[in-house]
Amino acid sequence: MSLALPTWFGRPRGLWRGFTRWLAGRMPKGLYARSLLIVIVPMVLLQSAVAYIFMERHWQLVTQRLSAAVVADIAAVIDIHEKSNDPAAFAQIARIAGERFEMEFKLLPKEPLPAALPKPFFSLLDSSLAQEISRQIAKPFWIDTIGSSNLVEIRISLADSTMRVIAARSAAYASNSGIFLSWMVGASLVLLAVAIAFLRNQIRPILRLAKAAENFGKGREVEFRPHGAREVRQATFAFFEMKRRIERARDQRTTMLNGVSHDLRTILTRFKLSLAMMPESPDSEALQKDVDEMQRMLEAYLAFARGDDGEQAAPTDMGMLLEELKADAERHGHETIVSFNGDPMVTVRPDAFKRCLTNLIANAQRYGNRIAIEAQREQRFLTIHVDDDGPGIPPEQREDVFRPFYRLDEARNQDHGGTGLGLAIARDIARAHGGDITLATSPLGGLRASVRIPL
């Protein structure tokens with residue numbers, strides 16, 4: 001038997017998830033900013049709690065006691081005046097009380113008390129004085145705490161007169177709040193400065209490790225010494241161990257490929273020598289074409305398997321490199337246009353990146369007559385477009401052509417075959433530089449291959 005849950009049962013959970021998504025979307029994304037937020041938020045909450053406790057407990061208690069002392073002095077003067085009932089003697093009483101209590105006492109003619117003034121936003125002094133006057137004197141009174149910033153005026157209705165008392169605000173009010181708030185803000189700023197300096201020193205090794213990993217991925221020299229917290233050092237040592245294993249595997253692969261390349265080329269050389277010794281005939285010409293095709297395929301397979309072959313990145317004049325590629329394309333009878341905008345010096349793996357562009361240009365040469373190469377150096381990226389006027393590639397098949405050994409001869413030119421590795425090699429090289437290759441429709445009507453790598 002299943003029980004149906006009420007519709008409101010899942011609502012709090014959904015609201016909480018919505019709130020967490022909203023909060024996550026507005027949180028800073030960087031580790032440094034998030035760490036500062038983790039430090040600042042508890043500190044602000046703690047300071048707010050301390051301020052609330054001080055304002056509502058300690059400050060209120062001190063103000064009440066000061067107000068009680070002031071009202072007690074006023075009550076004593078009123079008691080002496082009422083017992084003596086001699087208006088002439090009040091001047092002497094007021095003088096003595098003024099010297100002892102640092103307050104001004106004066107008798108006014110009997111008249112109605114002024115209308116009650118609006119209470120200030122923070123009425124701790126008003127409430128404390130009103131409470132103490134009601135408790136100790138128990139007579140009608142009027143208080144003005146907002147007329148002057150340094151003085152407090154109190155009027156008390158007596159039997160035949162009105163007593164006006166002017167006292168210093170500091171006598172009835174704890175006025176050290178400014179000092180407390182200054183110390184609190186100052187301490188918060190000092191703690192914040194210490195937190196920023198500490199977090200910066202903790203985040204810097206992580207950023208250097210990330211930069212080292214990025215440089216290693218781009219084939220650049222990695223110069224990084226482990227430092228920082230223990231966990232960061234462990235991550236750094238793990239990175240260097242991974243780097244050492246990758247380099248060892250790459251060296252082993254290079255050694256194996258060199259051996260395979262040597263052995264296969266030796267066999268192909270024997271085939272060529274045997275064919276050279278044979279008399280010319282239709283069969284020997286067919287065998288020669290097969291050997292040439294086998295050698296071409298072997299070179300393509302080895303180039304794909306070899307990859308960048310551990311080449312180190314170096315500053316390269318991209319404008320000069322594109323001019324060389326243009327000259328090669330023109331020697332093969334293709335009209336080629338090259339344009340470059342920005343600083344031509346770019347740090348790449350020169351041979352590997354040239355192979356990447358060569359494969360893209362060779363693909364354009366194979367299926368088109370006109371070629372346009374457009375390069376632009378931006379602040380953080382290098383973008384190169386290779387356009388041709390060939391038949392192009394349907395949009396739904398543009399990702400398939402990057403798969404190794406994939407051929408799209410049906411959509412292109414039937415007269416030109418290939419190993420299906422040119423674009424795959426080019427994309428691997430681009431991704432090894434941290435970028436990628438995308439295909440689109442060319443302004444010339446054919447295919448546009450765009451290489452975009454970070455700098």
# chains A, B, ... in the order shown; residues from 1 in each chain; ligands from 1
>>> residues_around(residues="range 34-44 of chain A", least_positions_apart="4", cutoff="10 Å", atoms="only C-alpha atoms", output="VMD selection string")
chain A and resid 27 to 30 48 to 50 185 188 191 to 192 195 to 196 199 to 200 203
>>> residues_around(residues="Tyr173 in chain A", least_positions_apart="4", cutoff="12 Å", atoms="only C-alpha atoms", output="NGL selection string")
:A and (59-70 or 123-129 or 145 or 149-152 or 167-169 or 177)
>>> closest_residue(among="A:Pro391, A:Gly228, A:Pro315, A:Gly434", to="Phe216 in chain A", atoms="only C-alpha atoms")
A:Gly434
>>> residues_around(residues="Leu158 in chain A", least_positions_apart="4", cutoff="12 Å", atoms="only C-alpha atoms", output="list in words")
Ala75, Ile78, Asp79, His81, Glu82, Asn85, Leu107, Leu108, Pro109, Lys110, Glu111, Pro112, Leu113, Ile137, Ala138, Lys139, Pro140, Phe141, Thr162, Met163 and Arg164 of chain A
>>> select_by_dssp(residues="range 113-298 of chain A", states="alpha helix (DSSP H)", output="PyMOL selection string")
chain A and resi 124-136+169-172+177-217+230-277+282-298
>>> select_by_dssp(residues="range 54-286 of chain A", states="strand (DSSP E)", output="list of chain:residue names")
A:Met103, A:Glu104, A:Phe105, A:Lys106, A:Leu107, A:Leu108, A:Pro109, A:Phe141, A:Trp142, A:Ile143, A:Asp144, A:Leu151, A:Val152, A:Glu153, A:Ile154, A:Arg155, A:Ile156, A:Ser157, A:Ser161, A:Thr162, A:Met163, A:Arg164, A:Val165, A:Ile166, A:Ala167, A:Ala168
>>> closest_residue(among="A:Met320, A:Ala426, A:Ile156, A:Ala249", to="Ala352 in chain A", atoms="only C-alpha atoms")
A:Ala426
>>> atom_distance(atom1="CA of Glu374 in chain A", atom2="CA of His433 in chain A")
19.2 Å
>>> closest_residue(among="A:Arg244, A:Ala51, A:Pro282, A:Val291", to="Leu264 in chain A", atoms="only C-alpha atoms")
A:Val291
>>> atom_distance(atom1="CA of Ile267 in chain A", atom2="CA of Pro279 in chain A")
20.3 Å
>>> residues_around(residues="Phe224 in chain A", least_positions_apart="5", cutoff="12 Å", atoms="only C-alpha atoms", output="ChimeraX atom specification")
/A:205-213,215-216,233,236-237,239-240
>>> write_last_selection(atoms="C-alpha atoms", output="compact mmCIF listing (two decimals), in the first residue's frame")
# COMPACT_ATOMS: atom_id res chain seq x y z
CA PRO A 205 51.74 27.98 -5.23
CA ILE A 206 48.46 26.61 -6.61
CA LEU A 207 48.48 29.17 -9.42
CA ARG A 208 52.11 28.35 -10.21
CA LEU A 209 51.29 24.65 -10.28
CA ALA A 210 48.38 25.32 -12.66
CA LYS A 211 50.66 27.43 -14.86
CA ALA A 212 53.30 24.70 -14.86
CA ALA A 213 50.70 22.10 -15.88
CA ASN A 215 53.01 24.97 -19.94
CA PHE A 216 53.73 21.25 -19.88
CA ARG A 233 53.55 20.13 -2.17
CA THR A 236 53.26 19.27 -6.99
CA PHE A 237 55.22 16.06 -6.40
CA PHE A 239 52.47 16.41 -10.99
CA PHE A 240 56.22 15.93 -11.43
>>> closest_residue(among="A:Gln47, A:Gln379, A:Gln312, A:Ser339", to="Asp351 in chain A", atoms="only C-alpha atoms")
A:Gln312
